[in-house]
Amino acid sequence: MLSRSSEYAVRALAFLATRKERSWVLSRRIAEELAIPPPFLAKILQTMATVGLLSSQRGRGGGFRLQRDAATISLYEIVEPFDHLGHRTLCILGQQLCGEEHACPLHFAWKASRETFVAALQATTLADVARMEFPGSFPWNLRPVDRTDVRP
């Protein structure tokens, strides 16, 4: 449901949220810790800085850190710059003409599901994700599943 960019952004910001001190962390360190390709992560972190979720500092002692407290950052704010869920109006079945007046068979079910999903992202904070460190919780610190190796 979420793009790889959004998944990496959530994991990287959760990593930063778990740091006791709000010190600067180099993007290559985050990439190494989370097994994310460094160039890809650098672009993601720059996007997060552009939208005001991260502060960035160049030079010695620089890197990235959260610009706001994790409890004030919703997952929606993190994924929206990549996935544009609030503006997505494409038909789930790929129809060119699909809307309230010319709905495909799945239009209203998909609309309700999308609205529920967006509401859950808006209600869940980065702090909620960062504090889930018990067995079976959100694996922000685990390497992602290689989707190219998934077999039906």
# chains A, B, ... in the order shown; residues from 1 in each chain; ligands from 1
>>> residues_around(residues="range 114-125 of chain A", least_positions_apart="6", cutoff="9 Å", atoms="only C-alpha atoms", output="list in words")
Ala70, Ala71, Thr72, Ile73, Ser74, Leu75, Tyr76, Glu77, Val79, Leu85 and Gly86 of chain A
>>> residues_around(residues="Asp69 in chain A", least_positions_apart="3", cutoff="12 Å", atoms="only C-alpha atoms", output="count of residues only")
21
>>> closest_residue(among="A:Ala9, A:Ile78, A:Leu26, A:Cys98", to="Leu45 in chain A", atoms="only C-alpha atoms")
A:Ala9
>>> closest_residue(among="A:Thr47, A:Ser27, A:Gly59, A:Leu2", to="Phe15 in chain A", atoms="only C-alpha atoms")
A:Ser27
>>> atom_distance(atom1="CA of Ala31 in chain A", atom2="CA of Arg60 in chain A")
18.2 Å
>>> closest_residue(among="A:Leu41, A:Val129, A:Ala112, A:Leu93", to="Arg29 in chain A", atoms="only C-alpha atoms")
A:Leu41
>>> residues_around(residues="Gly61 in chain A", least_positions_apart="6", cutoff="10 Å", atoms="only C-alpha atoms", output="ChimeraX atom specification")
/A:23-26
>>> select_by_dssp(residues="range 30-141 of chain A", states="strand (DSSP E or B)", output="ChimeraX atom specification")
/A:54-57,63-66,74,125
>>> atom_distance(atom1="CA of Ile44 in chain A", atom2="CA of Pro81 in chain A")
9.7 Å
>>> select_by_dssp(residues="range 59-113 of chain A", states="helix (DSSP H, G or I)", output="list of chain:residue names")
A:Ala70, A:Ala71, A:Thr72, A:Leu75, A:Tyr76, A:Glu77, A:Ile78, A:Val79, A:Glu80, A:Pro81, A:Phe82, A:Asp83, A:His107, A:Phe108, A:Ala109, A:Trp110, A:Lys111, A:Ala112, A:Ser113
>>> write_last_selection(atoms="C-alpha atoms", output="PDB file, in the first residue's frame")
ATOM      1  CA  ALA A  70       8.067  12.642  17.579  1.00  0.00           C
ATOM      2  CA  ALA A  71       4.704  12.830  19.360  1.00  0.00           C
ATOM      3  CA  THR A  72       3.706  15.731  17.087  1.00  0.00           C
ATOM      4  CA  LEU A  75       2.711   8.989   9.887  1.00  0.00           C
ATOM      5  CA  TYR A  76       0.526  10.786   7.350  1.00  0.00           C
ATOM      6  CA  GLU A  77       2.953  13.724   7.341  1.00  0.00           C
ATOM      7  CA  ILE A  78       5.797  11.318   6.615  1.00  0.00           C
ATOM      8  CA  VAL A  79       4.176   9.360   3.768  1.00  0.00           C
ATOM      9  CA  GLU A  80       2.179  12.126   2.066  1.00  0.00           C
ATOM     10  CA  PRO A  81       5.165  13.743   0.266  1.00  0.00           C
ATOM     11  CA  PHE A  82       5.877  10.392  -1.405  1.00  0.00           C
ATOM     12  CA  ASP A  83       2.480   8.741  -1.891  1.00  0.00           C
ATOM     13  CA  HIS A 107     -15.242   2.784  -6.221  1.00  0.00           C
ATOM     14  CA  PHE A 108     -17.179   3.249  -2.996  1.00  0.00           C
ATOM     15  CA  ALA A 109     -15.504   0.349  -1.158  1.00  0.00           C
ATOM     16  CA  TRP A 110     -12.055   1.638  -2.182  1.00  0.00           C
ATOM     17  CA  LYS A 111     -12.963   5.199  -1.219  1.00  0.00           C
ATOM     18  CA  ALA A 112     -14.059   4.065   2.260  1.00  0.00           C
ATOM     19  CA  SER A 113     -10.941   1.920   2.707  1.00  0.00           C
TER      20      SER A 113
END
>>> atom_distance(atom1="CA of Ala35 in chain A", atom2="CA of Gly62 in chain A")
20.8 Å
>>> closest_residue(among="A:Phe64, A:Val10, A:Pro105, A:Leu97", to="Leu34 in chain A", atoms="only C-alpha atoms")
A:Val10
